[in-house]
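Visitor: The file below is work_20.csv, CSV, C-alpha atoms:
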```csv
chain,number,residue,atom,x,y,z
A,1,MET,CA,-9.5,-17.8,-10.7
A,2,ASN,CA,-11.9,-15.1,-9.8
A,3,THR,CA,-14.5,-14.4,-12.5
A,4,GLY,CA,-17.2,-11.9,-12.2
A,5,THR,CA,-17.0,-11.1,-8.6
A,6,GLN,CA,-19.4,-8.2,-8.0
A,7,TRP,CA,-17.7,-6.0,-5.5
A,8,TYR,CA,-20.5,-3.5,-5.6
A,9,VAL,CA,-22.9,-5.8,-3.8
A,10,GLY,CA,-23.5,-4.0,-0.6
A,11,ALA,CA,-21.1,-1.2,-1.4
A,12,SER,CA,-21.7,2.4,-0.6
A,13,VAL,CA,-23.6,5.0,-2.6
A,14,ALA,CA,-20.3,6.5,-3.5
A,15,ALA,CA,-19.4,3.4,-5.4
A,16,LEU,CA,-22.5,3.6,-7.5
A,17,LEU,CA,-21.7,7.3,-8.1
A,18,ILE,CA,-18.3,6.5,-9.2
A,19,ALA,CA,-19.5,3.7,-11.5
A,20,ALA,CA,-22.2,5.9,-12.9
A,21,ALA,CA,-20.5,9.3,-13.1
A,22,CYS,CA,-16.8,8.8,-13.1
A,23,THR,CA,-16.1,6.0,-15.5
A,24,PRO,CA,-16.1,7.6,-18.8
A,25,ASP,CA,-15.4,4.7,-21.1
A,26,ASN,CA,-15.6,1.1,-19.8
A,27,THR,CA,-15.3,-0.7,-23.1
A,28,SER,CA,-12.3,0.7,-24.9
A,29,THR,CA,-8.7,-0.2,-24.3
A,30,ASN,CA,-7.6,2.6,-26.6
A,31,PRO,CA,-4.9,4.7,-24.9
A,32,THR,CA,-6.6,7.9,-26.3
A,33,PRO,CA,-7.5,10.1,-23.3
A,34,PRO,CA,-11.2,9.7,-22.4
A,35,PRO,CA,-13.4,12.7,-22.1
A,36,ARG,CA,-13.0,14.8,-19.0
A,37,PHE,CA,-15.6,14.0,-16.3
A,38,SER,CA,-18.6,16.3,-16.4
A,39,ASN,CA,-19.2,15.5,-12.8
A,40,CYS,CA,-17.6,13.5,-10.0
A,41,ILE,CA,-18.1,11.9,-6.7
A,42,ASP,CA,-18.0,14.6,-4.2
A,43,LYS,CA,-17.9,18.1,-5.5
A,44,PRO,CA,-19.3,18.1,-9.0
A,45,GLN,CA,-18.4,21.8,-9.5
A,46,THR,CA,-14.7,21.1,-9.0
A,47,CYS,CA,-14.3,18.2,-11.3
A,48,GLY,CA,-13.4,18.1,-15.0
A,49,GLY,CA,-12.2,21.3,-16.7
A,50,GLY,CA,-12.8,23.4,-13.6
A,51,GLY,CA,-10.8,21.1,-11.3
A,52,ILE,CA,-7.6,21.5,-9.5
A,53,PRO,CA,-4.4,21.7,-11.6
A,54,GLY,CA,-2.4,18.5,-11.8
A,55,PHE,CA,-0.4,17.3,-8.9
A,56,ARG,CA,1.4,14.1,-7.7
A,57,MET,CA,-0.3,11.6,-5.5
A,58,THR,CA,1.2,8.7,-3.6
A,59,GLY,CA,-0.3,6.3,-1.2
A,60,GLY,CA,-0.8,2.8,0.0
A,61,GLY,CA,-2.6,0.9,2.7
A,62,ARG,CA,-5.8,-0.8,3.3
A,63,ILE,CA,-9.6,-0.2,3.0
A,64,ASP,CA,-12.4,-2.4,4.3
A,65,PRO,CA,-15.3,-1.9,2.0
A,66,ALA,CA,-18.7,-3.5,2.7
A,67,VAL,CA,-17.5,-6.7,1.1
A,68,GLY,CA,-13.9,-7.9,1.2
A,69,LYS,CA,-10.6,-6.6,2.2
A,70,THR,CA,-8.6,-4.4,-0.2
A,71,THR,CA,-4.9,-3.4,-0.1
A,72,PHE,CA,-3.3,-1.0,-2.5
A,73,GLY,CA,-0.3,1.2,-3.4
A,74,PHE,CA,0.1,3.8,-6.1
A,75,ASN,CA,2.3,6.6,-7.3
A,76,VAL,CA,0.8,8.9,-9.9
A,77,ASP,CA,2.1,12.1,-11.4
A,78,GLY,CA,-1.0,14.1,-12.5
A,79,ARG,CA,1.2,16.7,-14.2
A,80,SER,CA,3.0,14.4,-16.6
A,81,GLY,CA,0.4,13.4,-19.2
A,82,PRO,CA,-1.6,12.2,-20.8
A,83,PRO,CA,-0.6,9.4,-20.6
A,84,PHE,CA,0.5,10.0,-17.0
A,85,LYS,CA,3.5,8.6,-15.4
A,86,GLY,CA,2.9,6.3,-12.4
A,87,GLU,CA,1.8,2.9,-11.3
A,88,MET,CA,-0.9,1.3,-9.1
A,89,GLU,CA,-1.4,-2.1,-7.7
A,90,VAL,CA,-4.6,-3.2,-5.9
A,91,VAL,CA,-5.5,-6.5,-4.2
A,92,TYR,CA,-9.1,-7.3,-3.5
A,93,HIS,CA,-9.8,-10.3,-1.3
A,94,GLY,CA,-13.5,-11.1,-0.6
A,95,GLY,CA,-14.9,-14.1,1.2
A,96,VAL,CA,-13.5,-17.4,0.2
A,97,ALA,CA,-12.6,-16.3,-3.3
A,98,PRO,CA,-8.9,-16.1,-4.2
A,99,MET,CA,-7.4,-12.7,-4.2
A,100,THR,CA,-7.8,-10.6,-7.3
A,101,ARG,CA,-4.9,-8.4,-8.3
A,102,ILE,CA,-5.2,-5.3,-10.4
A,103,HIS,CA,-2.0,-3.7,-11.8
A,104,SER,CA,-2.2,-0.5,-13.9
A,105,LEU,CA,-0.8,-0.7,-17.4
A,106,LEU,CA,-1.8,2.8,-18.5
A,107,ILE,CA,-3.0,6.0,-16.8
A,108,ASP,CA,-4.7,8.1,-19.4
A,109,SER,CA,-6.6,10.7,-17.4
A,110,PHE,CA,-6.1,12.5,-14.1
A,111,THR,CA,-8.5,14.9,-12.5
A,112,GLY,CA,-8.2,16.8,-9.2
A,113,SER,CA,-11.1,17.7,-7.0
A,114,THR,CA,-11.7,18.7,-3.4
A,115,ASP,CA,-13.0,16.4,-0.6
A,116,PRO,CA,-15.8,17.6,1.6
A,117,ARG,CA,-13.5,16.8,4.5
A,118,GLY,CA,-11.2,19.6,3.3
A,119,GLY,CA,-8.6,17.6,1.5
A,120,VAL,CA,-7.6,17.0,-2.1
A,121,CYS,CA,-8.7,14.1,-4.3
A,122,GLY,CA,-7.2,12.7,-7.4
A,123,THR,CA,-9.2,10.5,-9.8
A,124,TRP,CA,-7.3,8.7,-12.6
A,125,THR,CA,-8.4,6.2,-15.2
A,126,GLY,CA,-6.7,3.8,-17.5
A,127,THR,CA,-6.2,0.2,-18.4
A,128,ALA,CA,-5.1,-2.5,-15.9
A,129,ARG,CA,-4.0,-6.1,-16.0
A,130,VAL,CA,-6.2,-8.3,-13.8
A,131,SER,CA,-5.0,-11.6,-12.3
A,132,ASP,CA,-7.7,-13.5,-14.2
A,133,GLY,CA,-5.7,-12.8,-17.3
A,134,SER,CA,-7.9,-10.0,-18.6
A,135,GLN,CA,-7.2,-6.3,-19.3
A,136,ARG,CA,-9.9,-3.9,-18.1
A,137,ARG,CA,-10.7,-0.3,-17.8
A,138,TYR,CA,-10.5,1.1,-14.3
A,139,ALA,CA,-11.1,4.4,-12.4
A,140,ALA,CA,-9.4,5.0,-9.0
A,141,THR,CA,-9.9,7.8,-6.6
A,142,ALA,CA,-7.7,8.8,-3.7
A,143,CYS,CA,-8.2,11.6,-1.2
A,144,ASP,CA,-5.6,13.2,1.1
A,145,ASN,CA,-7.3,14.5,4.2
A,146,GLY,CA,-4.2,15.1,6.3
A,147,GLU,CA,-1.6,13.1,8.2
A,148,PRO,CA,-1.0,10.4,9.2
A,149,GLY,CA,-3.9,9.3,7.0
A,150,SER,CA,-5.7,6.5,8.9
A,151,SER,CA,-5.7,7.6,12.5
A,152,PRO,CA,-9.0,7.8,14.3
A,153,GLY,CA,-10.0,11.5,14.5
A,154,THR,CA,-7.8,12.6,11.7
A,155,GLY,CA,-9.0,12.6,8.1
A,156,PRO,CA,-9.1,9.8,7.4
A,157,ASP,CA,-7.8,9.6,3.8
A,158,ARG,CA,-9.9,7.7,1.4
A,159,PHE,CA,-9.4,5.3,-1.6
A,160,GLY,CA,-11.6,3.5,-4.0
A,161,ILE,CA,-11.4,1.7,-7.3
A,162,THR,CA,-13.9,0.6,-10.0
A,163,VAL,CA,-13.0,-2.0,-12.5
A,164,ASP,CA,-15.1,-2.6,-15.6
A,165,GLY,CA,-16.9,-5.9,-15.3
A,166,LEU,CA,-15.7,-6.6,-11.8
A,167,GLY,CA,-17.2,-3.9,-9.6
A,168,SER,CA,-16.3,-1.2,-7.2
A,169,THR,CA,-15.0,-0.9,-3.7
A,170,GLY,CA,-16.6,2.6,-3.3
A,171,VAL,CA,-14.5,5.4,-2.0
A,172,THR,CA,-13.8,4.1,1.4
A,173,ASP,CA,-12.0,5.4,4.5
A,174,LEU,CA,-8.5,4.0,5.0
A,175,THR,CA,-8.1,1.6,7.9
A,176,GLY,CA,-4.4,1.6,7.4
A,177,GLY,CA,-1.7,3.4,5.4
A,178,ASN,CA,-1.7,6.9,4.1
A,179,ILE,CA,-2.3,9.1,1.0
A,180,GLN,CA,-0.4,12.2,0.2
A,181,ALA,CA,-1.0,14.8,-2.5
A,182,HIS,CA,2.1,16.7,-3.6
A,183,LYS,CA,1.6,20.0,-5.4
B,1,MET,CA,32.1,41.4,-18.9
B,2,LYS,CA,29.9,42.9,-16.2
B,3,HIS,CA,26.9,41.0,-17.6
B,4,THR,CA,28.9,37.8,-17.8
B,5,LEU,CA,29.9,38.0,-14.2
B,6,SER,CA,26.4,38.8,-13.1
B,7,LEU,CA,25.1,35.8,-15.0
B,8,ALA,CA,27.8,33.6,-13.4
B,9,ALA,CA,26.8,34.9,-10.0
B,10,LEU,CA,23.2,34.2,-10.6
B,11,ALA,CA,24.0,30.7,-11.8
B,12,LEU,CA,26.0,30.1,-8.6
B,13,VAL,CA,23.1,31.3,-6.4
B,14,ALA,CA,20.7,29.1,-8.4
B,15,LEU,CA,23.0,26.1,-8.0
B,16,ALA,CA,23.3,26.8,-4.3
B,17,GLY,CA,19.6,27.0,-3.9
B,18,THR,CA,19.1,23.8,-5.7
B,19,SER,CA,21.6,22.1,-3.5
B,20,LEU,CA,20.0,23.4,-0.4
B,21,ALA,CA,16.6,22.3,-1.6
B,22,ALA,CA,17.9,18.8,-2.3
B,23,GLN,CA,19.3,18.6,1.2
B,24,ASN,CA,15.9,19.6,2.6
B,25,VAL,CA,14.1,16.7,0.9
B,26,ALA,CA,13.8,13.9,3.4
B,27,PRO,CA,14.7,10.4,2.2
B,28,VAL,CA,12.1,7.7,2.2
B,29,GLY,CA,12.4,3.9,2.5
B,30,GLY,CA,10.2,0.9,2.6
B,31,ALA,CA,9.9,-2.8,2.1
B,32,ALA,CA,7.1,-5.3,2.0
B,33,THR,CA,8.0,-9.0,2.4
B,34,GLY,CA,5.9,-12.1,2.2
B,35,ALA,CA,8.2,-14.5,4.0
B,36,SER,CA,11.8,-14.9,5.1
B,37,VAL,CA,13.3,-18.0,6.7
B,38,THR,CA,16.7,-18.1,8.3
B,39,LEU,CA,18.3,-21.4,9.0
B,40,LEU,CA,22.0,-22.1,9.7
B,41,GLY,CA,22.8,-18.5,9.1
B,42,VAL,CA,21.3,-18.5,5.6
B,43,THR,CA,18.2,-16.3,4.9
B,44,ASN,CA,15.8,-17.1,2.1
B,45,THR,CA,13.4,-14.2,1.3
B,46,ALA,CA,10.3,-14.5,-0.9
B,47,GLY,CA,7.8,-12.0,-2.2
B,48,GLN,CA,9.8,-8.8,-1.4
B,49,ALA,CA,9.2,-5.4,-2.8
B,50,LEU,CA,11.8,-2.6,-2.1
B,51,LEU,CA,11.1,1.1,-2.3
B,52,PRO,CA,13.8,3.2,-4.0
B,53,ASP,CA,15.0,5.9,-1.6
B,54,THR,CA,13.7,8.6,-4.0
B,55,GLY,CA,10.2,7.1,-3.8
B,56,GLY,CA,7.9,5.6,-6.4
B,57,LEU,CA,6.2,2.2,-6.3
B,58,ALA,CA,7.4,-1.4,-6.2
B,59,SER,CA,5.3,-4.5,-6.1
B,60,THR,CA,5.7,-8.3,-6.2
B,61,ASP,CA,3.2,-11.0,-6.7
B,62,VAL,CA,3.9,-14.7,-5.8
B,63,ASP,CA,1.6,-17.7,-6.2
B,64,ALA,CA,1.9,-21.0,-4.4
B,65,LEU,CA,5.0,-20.1,-2.3
B,66,GLN,CA,6.6,-23.2,-0.8
B,67,ILE,CA,9.6,-23.3,1.5
B,68,PRO,CA,9.5,-27.0,2.3
B,69,GLY,CA,8.7,-27.8,5.9
B,70,GLN,CA,8.8,-24.2,6.9
B,71,VAL,CA,6.2,-22.0,5.0
B,72,ALA,CA,3.4,-22.5,2.5
B,73,ILE,CA,1.4,-19.6,1.2
B,74,ASP,CA,-1.3,-19.8,-1.5
B,75,ALA,CA,-0.8,-16.3,-2.8
B,76,LEU,CA,0.8,-13.0,-1.7
B,77,THR,CA,1.3,-9.5,-3.0
B,78,SER,CA,3.8,-7.0,-1.5
B,79,ILE,CA,3.5,-3.3,-2.3
B,80,THR,CA,5.6,-0.4,-1.2
B,81,SER,CA,5.2,3.2,-2.2
B,82,GLY,CA,6.4,6.6,-1.2
B,83,ALA,CA,7.2,10.2,-2.2
B,84,GLN,CA,9.4,12.9,-1.0
B,85,ASP,CA,9.3,16.7,-1.3
B,86,GLN,CA,10.3,19.7,0.8
B,87,LYS,CA,6.9,20.0,2.5
B,88,LYS,CA,6.0,16.5,3.3
B,89,SER,CA,7.1,12.9,2.6
B,90,SER,CA,5.6,9.5,3.1
B,91,ALA,CA,6.3,5.8,2.7
B,92,GLN,CA,3.9,3.0,3.1
B,93,SER,CA,4.2,-0.8,2.7
B,94,VAL,CA,1.6,-3.5,2.6
B,95,THR,CA,1.9,-7.3,2.4
B,96,HIS,CA,-1.2,-9.2,1.7
B,97,LEU,CA,-1.1,-13.0,2.1
B,98,GLU,CA,-3.7,-15.7,1.6
B,99,ASN,CA,-3.8,-19.1,3.3
B,100,VAL,CA,-0.7,-19.3,5.3
B,101,ASN,CA,0.7,-22.5,6.9
B,102,ILE,CA,3.9,-22.4,9.0
B,103,LEU,CA,5.8,-25.4,10.2
B,104,ASN,CA,3.4,-28.0,8.8
B,105,GLY,CA,0.3,-26.5,10.5
B,106,LEU,CA,1.8,-25.3,13.8
B,107,ILE,CA,0.6,-21.8,12.8
B,108,GLN,CA,-2.1,-21.1,10.3
B,109,ALA,CA,-4.1,-18.1,9.1
B,110,SER,CA,-6.5,-17.5,6.2
B,111,THR,CA,-5.4,-14.0,5.6
B,112,ILE,CA,-2.5,-11.9,6.8
B,113,ILE,CA,-2.2,-8.1,6.1
B,114,ALA,CA,0.8,-6.2,7.3
B,115,VAL,CA,0.8,-2.4,7.0
B,116,ALA,CA,3.5,0.0,7.8
B,117,SER,CA,3.1,3.7,7.3
B,118,SER,CA,5.4,6.7,8.0
B,119,SER,CA,4.9,10.3,7.2
B,120,LEU,CA,6.8,13.6,7.7
B,121,SER,CA,5.3,17.1,7.6
B,122,SER,CA,5.7,20.4,9.3
B,123,ALA,CA,3.8,18.8,12.3
B,124,GLY,CA,6.5,16.2,12.8
B,125,ALA,CA,7.2,12.6,11.8
B,126,THR,CA,5.1,9.6,12.8
B,127,SER,CA,4.7,5.9,12.0
B,128,ASN,CA,2.0,3.3,12.6
B,129,ALA,CA,0.9,-0.2,11.8
B,130,PHE,CA,-2.8,0.6,11.5
B,131,GLY,CA,-4.7,-1.9,9.3
B,132,SER,CA,-2.4,-4.9,10.2
B,133,SER,CA,-4.4,-8.0,11.0
B,134,LEU,CA,-4.5,-11.8,10.9
B,135,SER,CA,-7.6,-13.8,10.1
B,136,ASP,CA,-8.6,-17.1,11.5
B,137,LEU,CA,-5.3,-17.5,13.3
B,138,VAL,CA,-4.5,-20.9,14.8
B,139,VAL,CA,-1.4,-21.4,16.9
B,140,ASN,CA,-0.4,-24.9,18.1
B,141,GLY,CA,-3.9,-26.1,17.4
B,142,VAL,CA,-5.6,-23.3,19.4
B,143,ALA,CA,-7.8,-20.7,17.6
B,144,ILE,CA,-6.6,-17.2,18.6
B,145,GLY,CA,-9.7,-15.1,18.5
B,146,SER,CA,-12.1,-15.3,15.6
B,147,GLY,CA,-12.2,-13.6,12.3
B,148,ASP,CA,-9.9,-10.6,11.9
B,149,LEU,CA,-7.5,-10.1,14.8
B,150,THR,CA,-4.9,-7.6,15.6
B,151,PRO,CA,-2.9,-8.9,18.6
B,152,ALA,CA,-1.4,-6.4,21.0
B,153,PRO,CA,2.0,-5.4,19.7
B,154,ASN,CA,4.8,-7.9,20.5
B,155,THR,CA,2.5,-10.7,21.8
B,156,ARG,CA,4.5,-13.8,22.7
B,157,ILE,CA,3.2,-17.3,22.6
B,158,ASP,CA,5.5,-20.3,23.5
B,159,LEU,CA,5.7,-23.2,21.1
B,160,PRO,CA,6.9,-26.1,23.3
B,161,GLY,CA,9.6,-28.1,21.6
B,162,THR,CA,10.0,-25.5,18.8
B,163,GLY,CA,10.6,-22.1,20.4
B,164,TYR,CA,8.2,-19.2,20.5
B,165,VAL,CA,6.2,-16.9,18.2
B,166,ILE,CA,5.8,-13.1,18.5
B,167,LEU,CA,2.6,-11.8,16.9
B,168,ASN,CA,2.4,-8.3,15.6
B,169,GLU,CA,6.0,-7.6,16.4
B,170,GLN,CA,6.6,-3.8,16.1
B,171,THR,CA,9.8,-1.8,16.2
B,172,VAL,CA,9.6,2.0,16.0
B,173,THR,CA,12.6,4.2,15.1
B,174,GLY,CA,13.3,7.9,14.7
B,175,ASN,CA,12.9,11.0,16.9
B,176,GLY,CA,9.4,11.9,15.8
B,177,VAL,CA,10.6,15.3,14.6
B,178,SER,CA,12.9,14.9,11.6
B,179,GLY,CA,12.3,11.2,11.0
B,180,SER,CA,10.3,8.1,11.9
B,181,GLY,CA,10.2,4.5,10.9
B,182,ILE,CA,8.4,1.3,11.8
B,183,VAL,CA,9.0,-2.4,11.2
B,184,VAL,CA,6.0,-4.7,11.5
B,185,ASN,CA,6.4,-8.5,11.5
B,186,LEU,CA,3.0,-10.0,11.9
B,187,ILE,CA,4.3,-13.5,12.6
B,188,HIS,CA,7.9,-14.0,13.9
B,189,VAL,CA,8.8,-17.5,14.9
B,190,VAL,CA,12.0,-18.0,16.8
B,191,LEU,CA,13.3,-21.5,16.5
B,192,GLN,CA,15.2,-22.9,19.5
B,193,ASN,CA,17.1,-26.0,20.4
B,194,PRO,CA,14.7,-27.7,22.8
B,195,LEU,CA,17.5,-28.6,25.2
B,196,THR,CA,19.7,-25.6,25.2
B,197,HIS,CA,17.1,-23.0,24.1
B,198,LEU,CA,19.7,-21.5,21.9
B,199,THR,CA,18.2,-19.9,18.8
B,200,THR,CA,18.6,-22.0,15.7
B,201,GLY,CA,16.7,-20.0,13.2
B,202,GLU,CA,13.7,-17.8,12.6
B,203,ILE,CA,10.7,-17.5,10.3
B,204,ILE,CA,9.1,-14.2,9.5
B,205,VAL,CA,5.8,-14.1,7.6
B,206,GLY,CA,3.9,-10.9,6.7
B,207,ALA,CA,6.5,-8.1,7.1
B,208,ALA,CA,6.2,-4.4,6.3
B,209,ARG,CA,8.7,-1.6,6.9
B,210,SER,CA,8.4,2.2,6.3
B,211,GLN,CA,10.8,5.1,6.9
B,212,VAL,CA,10.8,8.8,6.4
B,213,GLY,CA,13.5,11.3,7.2
B,214,SER,CA,16.5,10.5,9.3
```
Could I get this file's structure written as structure tokens?
Guide:
Amino acid sequence: MNTGTQWYVGASVAALLIAAACTPDNTSTNPTPPPRFSNCIDKPQTCGGGGIPGFRMTGGGRIDPAVGKTTFGFNVDGRSGPPFKGEMEVVYHGGVAPMTRIHSLLIDSFTGSTDPRGGVCGTWTGTARVSDGSQRRYAATACDNGEPGSSPGTGPDRFGITVDGLGSTGVTDLTGGNIQAHK
Amino acid sequence: MKHTLSLAALALVALAGTSLAAQNVAPVGGAATGASVTLLGVTNTAGQALLPDTGGLASTDVDALQIPGQVAIDALTSITSGAQDQKKSSAQSVTHLENVNILNGLIQASTIIAVASSSLSSAGATSNAFGSSLSDLVVNGVAIGSGDLTPAPNTRIDLPGTGYVILNEQTVTGNGVSGSGIVVNLIHVVLQNPLTHLTTGEIIVGAARSQVGS
């Protein structure tokens, strides 16, 4: 059992920004949509109400944040809610601790923004089931910066997740896999 | 009457357009599999997630997997996802395994991550296995590298008296224009009769497959 692993130890500044600015409500499990973000990780002026209209995002692969290995997959329809249709599973595996699994139960917000690399980002929040038996709020961000997603010299795409009470991977370059935004 | 005919004609055009659009959407496929063991022609598969050909997400979690005498894995998660539309499609599969022991310690690894990714856009179709790795790999009592390791594709190591193992086995399919696919088997043990060298079975651990287009 993994209790209280602090992913954000040694994580990037982006992780702290996500935790501070893009997690609107870390305590409630109420499915009521949380407030729109007033700012966001990369381009504050494009988040929240002034953001990109909803779109679908799909992706999967691997990131290697400062601490631990993380694999993930998701399929989220940002046009369908709230609550939004879709699903996400993330596996975090750091050090000698057993793997921690995070599986979305609810997606109650979705916001589009632009990535400074020229791509499109989607940030969604909701409630997830964690493998320690708890249910927690999360915020995930994925950025599509082109194909094939994790090649050196192209993009790369990015992914990150923050889970209330567990920590954050930071929005991190993919080392494998791909993310696609579908408008 | 004239209006009725016009409406009917419009409906036919719309239907034809819908049909053509559907034909232009490339199919996707994917699978992520923790382990499969084939002995005496019978295959047992564990921890497999299969992607529907219309896309979406599928995942499977397994704890304390035991195939007696063949494979033991403390925990694994298999995830496959994909989406299709007229402009671009993708499929990606990931299998993440923790503390793997094959054939009673003949092959061991602390972490195995298999990644297969395929995408299709106006630039063409491509597949890769970036992100695939084995950690703290030991084969036949010998440590292979240290920490995270990505062996060269299709690296073969003999296992005297047992057969051989192929590490990071990769098979790429498709023409790179209208379709592409890849199968990644991070550990593929081929069991052989020690006298005849005939294949008697196989063990695959950490497998990922992705496919877009045709």
Visitor: Mind dumping a table of every chain B residue within 10 Å of chain A, with the nearest atom pair and its distance in Å to one decimal, using only C-alpha atoms, sorted by chain and rising number, as a tab-separated table?
Guide:
```
residue	atom	partner	partner_atom	distance
B:Gly55	CA	A:Asn75	CA	8.7
B:Gly56	CA	A:Asn75	CA	5.8
B:Leu57	CA	A:Asn75	CA	6.0
B:Ala58	CA	A:Gly73	CA	8.6
B:Ser59	CA	A:Glu89	CA	7.3
B:Thr60	CA	A:Glu89	CA	9.5
B:Asp61	CA	A:Arg101	CA	8.7
B:Asp74	CA	A:Pro98	CA	8.9
B:Ala75	CA	A:Met99	CA	7.6
B:Leu76	CA	A:Met99	CA	8.6
B:Thr77	CA	A:Val91	CA	7.5
B:Ser78	CA	A:Phe72	CA	9.3
B:Ile79	CA	A:Gly73	CA	6.0
B:Thr80	CA	A:Gly73	CA	6.5
B:Ser81	CA	A:Gly73	CA	6.0
B:Gly82	CA	A:Thr58	CA	6.1
B:Ala83	CA	A:Thr58	CA	6.3
B:Gln84	CA	A:His182	CA	8.6
B:Asp85	CA	A:His182	CA	7.6
B:Gln86	CA	A:His182	CA	9.8
B:Lys87	CA	A:His182	CA	8.4
B:Lys88	CA	A:His182	CA	7.9
B:Ser89	CA	A:Gln180	CA	7.9
B:Ser90	CA	A:Gln180	CA	7.2
B:Ala91	CA	A:Gly59	CA	7.7
B:Gln92	CA	A:Gly60	CA	5.6
B:Ser93	CA	A:Gly60	CA	6.7
B:Val94	CA	A:Gly61	CA	6.1
B:Thr95	CA	A:Thr71	CA	8.2
B:His96	CA	A:Thr71	CA	7.1
B:Leu97	CA	A:Met99	CA	8.9
B:Glu98	CA	A:Met99	CA	7.5
B:Asn99	CA	A:Pro98	CA	9.6
B:Ser110	CA	A:Val96	CA	9.2
B:Thr111	CA	A:His93	CA	9.0
B:Ile113	CA	A:Thr71	CA	8.2
B:Ala114	CA	A:Gly61	CA	9.1
B:Val115	CA	A:Gly61	CA	6.4
B:Ala116	CA	A:Gly177	CA	6.7
B:Ser117	CA	A:Gly177	CA	5.2
B:Ser118	CA	A:Pro148	CA	7.5
B:Ser119	CA	A:Pro148	CA	6.2
B:Leu120	CA	A:Glu147	CA	8.4
B:Ser121	CA	A:Glu147	CA	8.0
B:Ala123	CA	A:Glu147	CA	8.9
B:Gly124	CA	A:Glu147	CA	9.8
B:Ala125	CA	A:Pro148	CA	8.9
B:Thr126	CA	A:Pro148	CA	7.1
B:Ser127	CA	A:Pro148	CA	7.8
B:Asn128	CA	A:Gly177	CA	8.1
B:Ala129	CA	A:Gly176	CA	7.1
B:Phe130	CA	A:Gly176	CA	4.5
B:Gly131	CA	A:Gly176	CA	4.0
B:Ser132	CA	A:Gly176	CA	7.4
```
Visitor: Could you please determine the separation between CA of Ile102 (chain A) and CA of Gly126 (chain A) in Å, to one decimal place?
Guide: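 Answer for the CA of Ile102 (chain A) to CA of Gly126 (chain A) separation: 11.6 Å.
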Visitor: Hey, what's within 12 Å of region 149-163 of chain B if we count all atoms listed in the file and toss same-chain stuff fewer than 3 positions away? As an MDAnalysis selection string, please?
Guide: chainID B and resid 102:103 106:107 109:115 128:146 166:172 183:203
Visitor: Could you pull out every residue with an atom within 6 Å of (-8.4, 16.9, -8.6), file coordinates, counting all atoms listed in the file, and send them as a list in words?
Guide: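 The residues near that point, listed by chain and number, are Gly51, Ile52, Thr111, Gly112, Ser113, Cys121 and Gly122 of chain A.
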Visitor: Nearest residue to Leu105 (chain A) out of A:Thr127, A:Thr162, A:Ser80, A:Thr169, using all atoms listed in the file?
Guide: A:Thr127
Visitor: Write out as a PyMOL selection string which residues come within 6 Å of Trp124 (chain A) when counting all atoms listed in the file, dropping same-chain ones fewer than 5 positions away.
Guide: chain A and resi 109-110+139-140
Visitor: So how many Å separate CA of Val171 (chain A) and CA of Cys143 (chain A), to one decimal?
Guide: 8.9 Å
Visitor: Measure the distance from CA of Ser122 (chain B) to CA of Asn145 (chain A) in Å and round it to one decimal.
Guide: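 About the pair CA of Ser122 (chain B) and CA of Asn145 (chain A): they are 15.2 Å apart.
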Visitor: Of the candidates A:Gly118, A:Pro65, A:Phe84, A:Ser134, which one gets nearest to Phe159 (chain A) if we count all atoms listed in the file?
Guide: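 Closest candidate: A:Pro65.
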